[in-house]
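*Asks:* I'd like to ask you about the structure that follows.
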Amino acid sequence: MSQEFSDWTKIPVVLQHQFFELARKEAEKAKKKLLTDAVKLRALREHLKFEPVAESDLWKDWVVACVDGSDSPRLSERVGARYGAYAAGYMLFERGELKEENYKSGYMSHQQVGNPEVSKKVLDLLTVKLERELALELSSRADIVLIDGSFFGWRTGCSAVRDEPVNVDGYSVAGELIDDARDLTIKLLDTKKVVGVIKRVRTAAIDGWLALTQGEQSCLDRNDRAILGRMMPPRTRWAYHSLFQPPEAYSYYTYIRSIMKELSDKSAILRKAKDRFEGSVRSDLDCDPQHVLRTARHHQRTTDAAPPFSFETHKNVTDVETLTAYFQDPENYNEATGLPFPIDLVDQNVSLPANFAKEFVEEIEAQLTRDPELDKLDLTNSFRPLNPQKEE
């Protein structure tokens, strides 16, 4: 029976001792911040009003669909090209029972020259487009469609690749793919049936509000989920519009702290924060920022064992109470993650393993090897790993 050893024991003893000492120093530093934060959190608690999740069974007749997508975490870099694989799937539930599921897949063969980050972004966009297509199809068959992530979270970095040539799936430049993903996302938002379930929260709107209203000394230097995770009781919900209006303002409050270094007037700071956000939307998506500024973001904590999660809806969706009652029912969330269990299920099924792209390319090469019209040496050279010293 093989025995597993800690990675710590796999490095030289001298380094082990050095890292123990570095960990001790960091623990002392973290303790000071935690104690300082506790004082700030007590002051903040007066401003954050957490609402108990009301009980309701109106959702019990809902048809609930959930959609998620995944792409290969690592591209397979060959001498001839970069390869990536992607997939998306859905599950359809009626009265809590799984009635239907299906999966679709695709791949990317991208030119090997150029920045690999462009290839990774193109692969991400292909995944987003496939997810949106499935979700839009399901919106006509379900009362509610859960998607993994926010509606427009994928737009980050689009401006950097918009003019890049891609020649993938009929798209000549990345901008054409971005525009299709954008238009599909706008249609999803317009249905008012689709809810984005957000696991990784990067917004720091609460810190922005603290800086603007209480001064930077009140800031916690943490994202919103980290702050709410230390304050929010289980079985409660909270929305940004309870702290500031309008509901979509959370989108640009994150910019406030950096702008305060340039301006002092509060109204001017808010205007510039909104202008900066809208400028980034135009640059990334080439559309009216009002399309993006139609979302409202909420937070809910289903269980004390897991941190709060965020979800996005169209800002004109009024029956948030029934939605949160659905999320809160013990049959509908995963006790370990606090997330709606349909999202966890489809995520588990559709996630592609880390080395899948490598094996996918090996299958392509294996099929080509059997083709008598191809020169075997030329084939080997074309599919040779870009860096033969390192395993993918």
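Chains: A, B, ... in order of the structure tokens. Residues: from 1 per chain. Ligands: from 1, in order shown.
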May I have all residues of range 113-175 of chain A that DSSP, computed from the backbone, assigns to strand (DSSP E), given as JSON, numbers by chain?
*Replies:* {"A": [144, 145, 146, 147, 148, 165, 166, 167, 168, 171, 172, 173]}
*Asks:* Quick one: residues within 12 Å of range 32-45 of chain A, only C-alpha atoms, excluding same-chain residues fewer than 6 positions away - as an NGL selection string?
*Replies:* :A and (25-26 or 206-207 or 209-211 or 213-222 or 226-233 or 243)
*Asks:* Those selected residues, please, written with N, CA and C atoms and delivered as a compact mmCIF listing (two decimals), in the first residue's frame.
*Replies:*
```txt
# COMPACT_ATOMS: atom_id res chain seq x y z
N LYS A 25 5.34 34.19 10.59
CA LYS A 25 5.27 35.63 10.41
C LYS A 25 3.96 36.04 9.75
N GLU A 26 3.54 35.26 8.77
CA GLU A 26 2.29 35.60 8.09
C GLU A 26 1.10 35.40 9.03
N ILE A 206 -18.72 47.18 -1.69
CA ILE A 206 -18.90 47.58 -0.29
C ILE A 206 -17.73 48.45 0.15
N ASP A 207 -16.52 48.05 -0.20
CA ASP A 207 -15.35 48.88 0.12
C ASP A 207 -15.45 50.24 -0.57
N TRP A 209 -18.23 51.85 -1.28
CA TRP A 209 -19.21 52.63 -0.52
C TRP A 209 -18.61 53.13 0.78
N LEU A 210 -17.85 52.27 1.47
CA LEU A 210 -17.20 52.68 2.72
C LEU A 210 -16.25 53.84 2.47
N ALA A 211 -15.45 53.76 1.43
CA ALA A 211 -14.48 54.81 1.12
C ALA A 211 -15.20 56.13 0.86
N THR A 213 -18.32 57.09 1.77
CA THR A 213 -19.19 57.62 2.83
C THR A 213 -18.51 57.71 4.20
N GLN A 214 -17.55 56.81 4.47
CA GLN A 214 -16.94 56.77 5.80
C GLN A 214 -15.46 57.13 5.78
N GLY A 215 -14.87 57.16 4.61
CA GLY A 215 -13.44 57.41 4.51
C GLY A 215 -12.67 56.12 4.32
N GLU A 216 -11.51 56.22 3.67
CA GLU A 216 -10.74 55.01 3.34
C GLU A 216 -10.26 54.24 4.56
N GLN A 217 -10.16 54.91 5.71
CA GLN A 217 -9.73 54.20 6.90
C GLN A 217 -10.74 53.13 7.33
N SER A 218 -11.98 53.23 6.82
CA SER A 218 -13.01 52.25 7.16
C SER A 218 -13.00 51.04 6.24
N CYS A 219 -12.24 51.11 5.16
CA CYS A 219 -12.23 50.00 4.18
C CYS A 219 -11.59 48.75 4.75
N LEU A 220 -12.01 47.61 4.21
CA LEU A 220 -11.51 46.32 4.70
C LEU A 220 -10.52 45.68 3.73
N ASP A 221 -10.37 46.25 2.54
CA ASP A 221 -9.46 45.70 1.53
C ASP A 221 -9.79 44.25 1.20
N ARG A 222 -11.06 43.98 1.11
CA ARG A 222 -11.53 42.63 0.77
C ARG A 222 -12.67 42.74 -0.24
N ALA A 226 -16.00 38.12 0.72
CA ALA A 226 -15.20 37.93 1.93
C ALA A 226 -15.80 38.71 3.10
N ILE A 227 -16.28 39.93 2.82
CA ILE A 227 -16.89 40.74 3.87
C ILE A 227 -18.20 40.11 4.34
N LEU A 228 -19.05 39.75 3.39
CA LEU A 228 -20.35 39.18 3.76
C LEU A 228 -20.19 37.83 4.44
N GLY A 229 -19.14 37.08 4.07
CA GLY A 229 -18.90 35.79 4.68
C GLY A 229 -18.64 35.88 6.18
N ARG A 230 -18.17 37.03 6.63
CA ARG A 230 -17.88 37.21 8.06
C ARG A 230 -19.05 37.85 8.82
N MET A 231 -20.09 38.23 8.10
CA MET A 231 -21.18 38.96 8.74
C MET A 231 -22.55 38.32 8.56
N MET A 232 -22.75 37.66 7.44
CA MET A 232 -24.10 37.29 7.03
C MET A 232 -24.58 36.03 7.74
N PRO A 233 -25.72 36.08 8.42
CA PRO A 233 -26.25 34.88 9.07
C PRO A 233 -26.84 33.92 8.04
N LEU A 243 -28.22 49.21 0.05
CA LEU A 243 -27.15 50.07 0.53
C LEU A 243 -27.02 51.33 -0.32
```
*Asks:* Counting only C-alpha atoms, which residue out of A:Asp57, A:Glu365, A:Asp7, A:Asp224 sits closest to Thr203 in chain A?
*Replies:*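 So, comparing all the options, the nearest one is A:Asp224.
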*Asks:* With DSSP run on the backbone, what are the alpha helix (DSSP H) residues within range 79-219 of chain A? I'd like them as a VMD selection string.
*Replies:* chain A and resid 116 to 138 158 to 161 174 to 191 205 to 214
*Asks:* So that I can see what lies close to Tyr253 in chain A, please list as a PyMOL selection string the residues with an atom at most 12 Å from it, counting only C-alpha atoms and leaving out residues fewer than 6 positions away in the same chain.
*Replies:* chain A and resi 203-213+223-224+240-241+243-247+259-260+266+269-277
*Asks:* Suppose we keep N, CA and C atoms; can you now write the selection as a compact mmCIF listing (two decimals), in the first residue's frame?
*Replies:*
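Listed below is the output, result_17.txt:
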```txt
# COMPACT_ATOMS: atom_id res chain seq x y z
N THR A 203 -16.16 41.62 -7.11
CA THR A 203 -16.57 43.01 -6.89
C THR A 203 -16.19 43.46 -5.49
N ALA A 204 -15.84 44.74 -5.38
CA ALA A 204 -15.51 45.33 -4.08
C ALA A 204 -16.34 46.60 -3.90
N ALA A 205 -17.65 46.47 -4.15
CA ALA A 205 -18.54 47.62 -4.09
C ALA A 205 -18.74 48.10 -2.65
N ILE A 206 -18.72 47.18 -1.69
CA ILE A 206 -18.90 47.58 -0.29
C ILE A 206 -17.73 48.45 0.15
N ASP A 207 -16.52 48.05 -0.20
CA ASP A 207 -15.35 48.88 0.12
C ASP A 207 -15.45 50.24 -0.57
N GLY A 208 -15.97 50.26 -1.79
CA GLY A 208 -16.15 51.53 -2.49
C GLY A 208 -17.13 52.43 -1.76
N TRP A 209 -18.23 51.85 -1.28
CA TRP A 209 -19.21 52.63 -0.52
C TRP A 209 -18.61 53.13 0.78
N LEU A 210 -17.85 52.27 1.47
CA LEU A 210 -17.20 52.68 2.72
C LEU A 210 -16.25 53.84 2.47
N ALA A 211 -15.45 53.76 1.43
CA ALA A 211 -14.48 54.81 1.12
C ALA A 211 -15.20 56.13 0.86
N LEU A 212 -16.30 56.07 0.13
CA LEU A 212 -17.01 57.29 -0.27
C LEU A 212 -17.75 57.92 0.91
N THR A 213 -18.32 57.09 1.77
CA THR A 213 -19.19 57.62 2.83
C THR A 213 -18.51 57.71 4.20
N ASN A 223 -12.88 41.68 -1.01
CA ASN A 223 -14.03 41.70 -1.92
C ASN A 223 -15.32 41.49 -1.14
N ASP A 224 -16.43 41.69 -1.80
CA ASP A 224 -17.72 41.69 -1.11
C ASP A 224 -18.06 40.34 -0.49
N TYR A 240 -27.55 44.76 -3.07
CA TYR A 240 -26.82 46.02 -3.08
C TYR A 240 -27.74 47.23 -3.00
N HIS A 241 -28.93 47.12 -3.61
CA HIS A 241 -29.79 48.31 -3.64
C HIS A 241 -30.30 48.68 -2.26
N LEU A 243 -28.22 49.21 0.05
CA LEU A 243 -27.15 50.07 0.53
C LEU A 243 -27.02 51.33 -0.32
N PHE A 244 -27.20 51.17 -1.62
CA PHE A 244 -27.15 52.34 -2.50
C PHE A 244 -28.04 52.10 -3.72
N GLN A 245 -28.49 53.18 -4.29
CA GLN A 245 -29.35 53.15 -5.48
C GLN A 245 -28.59 53.78 -6.65
N PRO A 246 -28.92 53.41 -7.88
CA PRO A 246 -29.88 52.39 -8.30
C PRO A 246 -29.30 50.98 -8.16
N PRO A 247 -30.10 49.92 -8.43
CA PRO A 247 -29.64 48.54 -8.20
C PRO A 247 -28.35 48.19 -8.93
N ILE A 259 -10.45 56.11 -7.96
CA ILE A 259 -10.78 57.45 -8.44
C ILE A 259 -10.62 58.49 -7.32
N MET A 260 -10.78 58.08 -6.07
CA MET A 260 -10.62 59.02 -4.96
C MET A 260 -9.21 59.58 -4.87
N LYS A 266 -17.61 64.14 -3.97
CA LYS A 266 -18.27 62.83 -4.01
C LYS A 266 -19.10 62.62 -5.27
N ILE A 269 -16.79 61.96 -8.12
CA ILE A 269 -16.21 60.62 -8.01
C ILE A 269 -17.19 59.58 -8.57
N LEU A 270 -18.46 59.70 -8.15
CA LEU A 270 -19.47 58.76 -8.64
C LEU A 270 -19.64 58.84 -10.15
N ARG A 271 -19.67 60.07 -10.69
CA ARG A 271 -19.82 60.24 -12.14
C ARG A 271 -18.66 59.61 -12.89
N LYS A 272 -17.45 59.83 -12.38
CA LYS A 272 -16.29 59.28 -13.07
C LYS A 272 -16.25 57.76 -12.96
N ALA A 273 -16.68 57.22 -11.81
CA ALA A 273 -16.73 55.76 -11.65
C ALA A 273 -17.68 55.15 -12.67
N LYS A 274 -18.84 55.77 -12.82
CA LYS A 274 -19.80 55.27 -13.81
C LYS A 274 -19.25 55.42 -15.22
N ASP A 275 -18.62 56.55 -15.51
CA ASP A 275 -18.03 56.76 -16.85
C ASP A 275 -16.95 55.73 -17.14
N ARG A 276 -16.15 55.42 -16.13
CA ARG A 276 -15.06 54.45 -16.34
C ARG A 276 -15.63 53.07 -16.61
N PHE A 277 -16.66 52.70 -15.86
CA PHE A 277 -17.28 51.40 -16.08
C PHE A 277 -17.90 51.34 -17.47
```
*Asks:* Could you pull the residues within 7 Å of range 143-159 of chain A, counting only C-alpha atoms, minus those fewer than 6 positions along the same chain, as a PyMOL selection string?
*Replies:* chain A and resi 62-68+135+185+193-199+283-285+312+343
*Asks:* Could those selected residues go to a file with N, CA and C atoms, as a short mmCIF file (atom, residue, chain, number, x, y, z; two decimals), in the first residue's frame?
*Replies:*
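The resulting selection02.cif:
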```cif
data_model
loop_
_atom_site.label_atom_id
_atom_site.label_comp_id
_atom_site.auth_asym_id
_atom_site.auth_seq_id
_atom_site.Cartn_x
_atom_site.Cartn_y
_atom_site.Cartn_z
N TRP A 62 -42.39 24.73 -10.37
CA TRP A 62 -41.49 25.24 -11.39
C TRP A 62 -40.81 24.11 -12.17
N VAL A 63 -40.59 24.36 -13.44
CA VAL A 63 -39.64 23.57 -14.23
C VAL A 63 -38.33 24.35 -14.20
N VAL A 64 -37.30 23.73 -13.64
CA VAL A 64 -36.02 24.41 -13.43
C VAL A 64 -34.96 23.80 -14.35
N ALA A 65 -34.31 24.63 -15.12
CA ALA A 65 -33.20 24.18 -15.96
C ALA A 65 -31.92 24.79 -15.44
N CYS A 66 -30.82 24.08 -15.61
CA CYS A 66 -29.52 24.64 -15.25
C CYS A 66 -28.53 24.32 -16.37
N VAL A 67 -27.66 25.28 -16.63
CA VAL A 67 -26.71 25.18 -17.75
C VAL A 67 -25.32 25.53 -17.26
N ASP A 68 -24.34 24.79 -17.71
CA ASP A 68 -22.96 25.12 -17.39
C ASP A 68 -22.07 24.68 -18.54
N ALA A 135 -28.94 27.84 -22.98
CA ALA A 135 -29.80 28.51 -22.02
C ALA A 135 -30.97 29.20 -22.70
N THR A 185 -26.30 36.89 -24.80
CA THR A 185 -26.43 37.21 -23.37
C THR A 185 -27.51 38.26 -23.16
N LYS A 193 -36.10 35.29 -17.16
CA LYS A 193 -36.23 33.95 -16.56
C LYS A 193 -34.88 33.41 -16.11
N VAL A 194 -33.81 34.03 -16.58
CA VAL A 194 -32.47 33.48 -16.38
C VAL A 194 -31.82 34.13 -15.16
N VAL A 195 -31.18 33.29 -14.36
CA VAL A 195 -30.51 33.74 -13.13
C VAL A 195 -29.06 33.29 -13.19
N GLY A 196 -28.14 34.21 -13.02
CA GLY A 196 -26.73 33.87 -12.97
C GLY A 196 -26.30 33.57 -11.55
N VAL A 197 -25.81 32.37 -11.31
CA VAL A 197 -25.34 31.97 -9.97
C VAL A 197 -23.83 32.14 -9.95
N ILE A 198 -23.35 33.01 -9.07
CA ILE A 198 -21.95 33.45 -9.10
C ILE A 198 -21.19 32.86 -7.92
N LYS A 199 -20.16 32.09 -8.22
CA LYS A 199 -19.36 31.44 -7.17
C LYS A 199 -18.15 32.29 -6.78
N SER A 283 -15.58 49.34 -24.68
CA SER A 283 -14.33 48.81 -25.21
C SER A 283 -14.40 47.29 -25.36
N ASP A 284 -14.98 46.62 -24.38
CA ASP A 284 -15.03 45.15 -24.40
C ASP A 284 -16.11 44.62 -25.34
N LEU A 285 -17.32 45.21 -25.25
CA LEU A 285 -18.48 44.62 -25.92
C LEU A 285 -18.98 45.42 -27.12
N GLU A 312 -27.50 36.95 -9.96
CA GLU A 312 -27.90 38.11 -10.75
C GLU A 312 -29.21 37.84 -11.45
N ILE A 343 -26.80 23.38 -10.06
CA ILE A 343 -25.57 23.96 -10.58
C ILE A 343 -24.38 23.07 -10.25
#
```
*Asks:* Using only C-alpha atoms, which residues sit within 8 Å of Leu352 in chain A once same-chain residues fewer than 4 positions away are excluded, as a VMD selection string?
*Replies:* chain A and resid 70 to 73 86 to 87 356
*Asks:* Identify, on the basis of only C-alpha atoms, every residue whose closest approach to Gly84 in chain A does not exceed 6 Å; exclude the query and any residue fewer than 3 positions from it along the same chain; express the result as a compact mmCIF listing (two decimals) with N, CA and C atoms, in the first residue's frame.
*Replies:*
```txt
# COMPACT_ATOMS: atom_id res chain seq x y z
N SER A 72 -11.10 23.04 -21.64
CA SER A 72 -9.91 22.37 -21.13
C SER A 72 -9.02 23.38 -20.42
N LEU A 75 -4.32 24.32 -22.69
CA LEU A 75 -4.26 24.10 -24.12
C LEU A 75 -3.18 23.08 -24.43
N TYR A 107 -14.40 21.98 -30.33
CA TYR A 107 -12.96 22.10 -30.14
C TYR A 107 -12.44 23.31 -30.89
N MET A 108 -11.26 23.73 -30.51
CA MET A 108 -10.61 24.86 -31.15
C MET A 108 -9.24 24.43 -31.65
N ALA A 357 -7.30 18.04 -23.12
CA ALA A 357 -6.89 18.55 -24.44
C ALA A 357 -5.73 17.74 -25.00
```
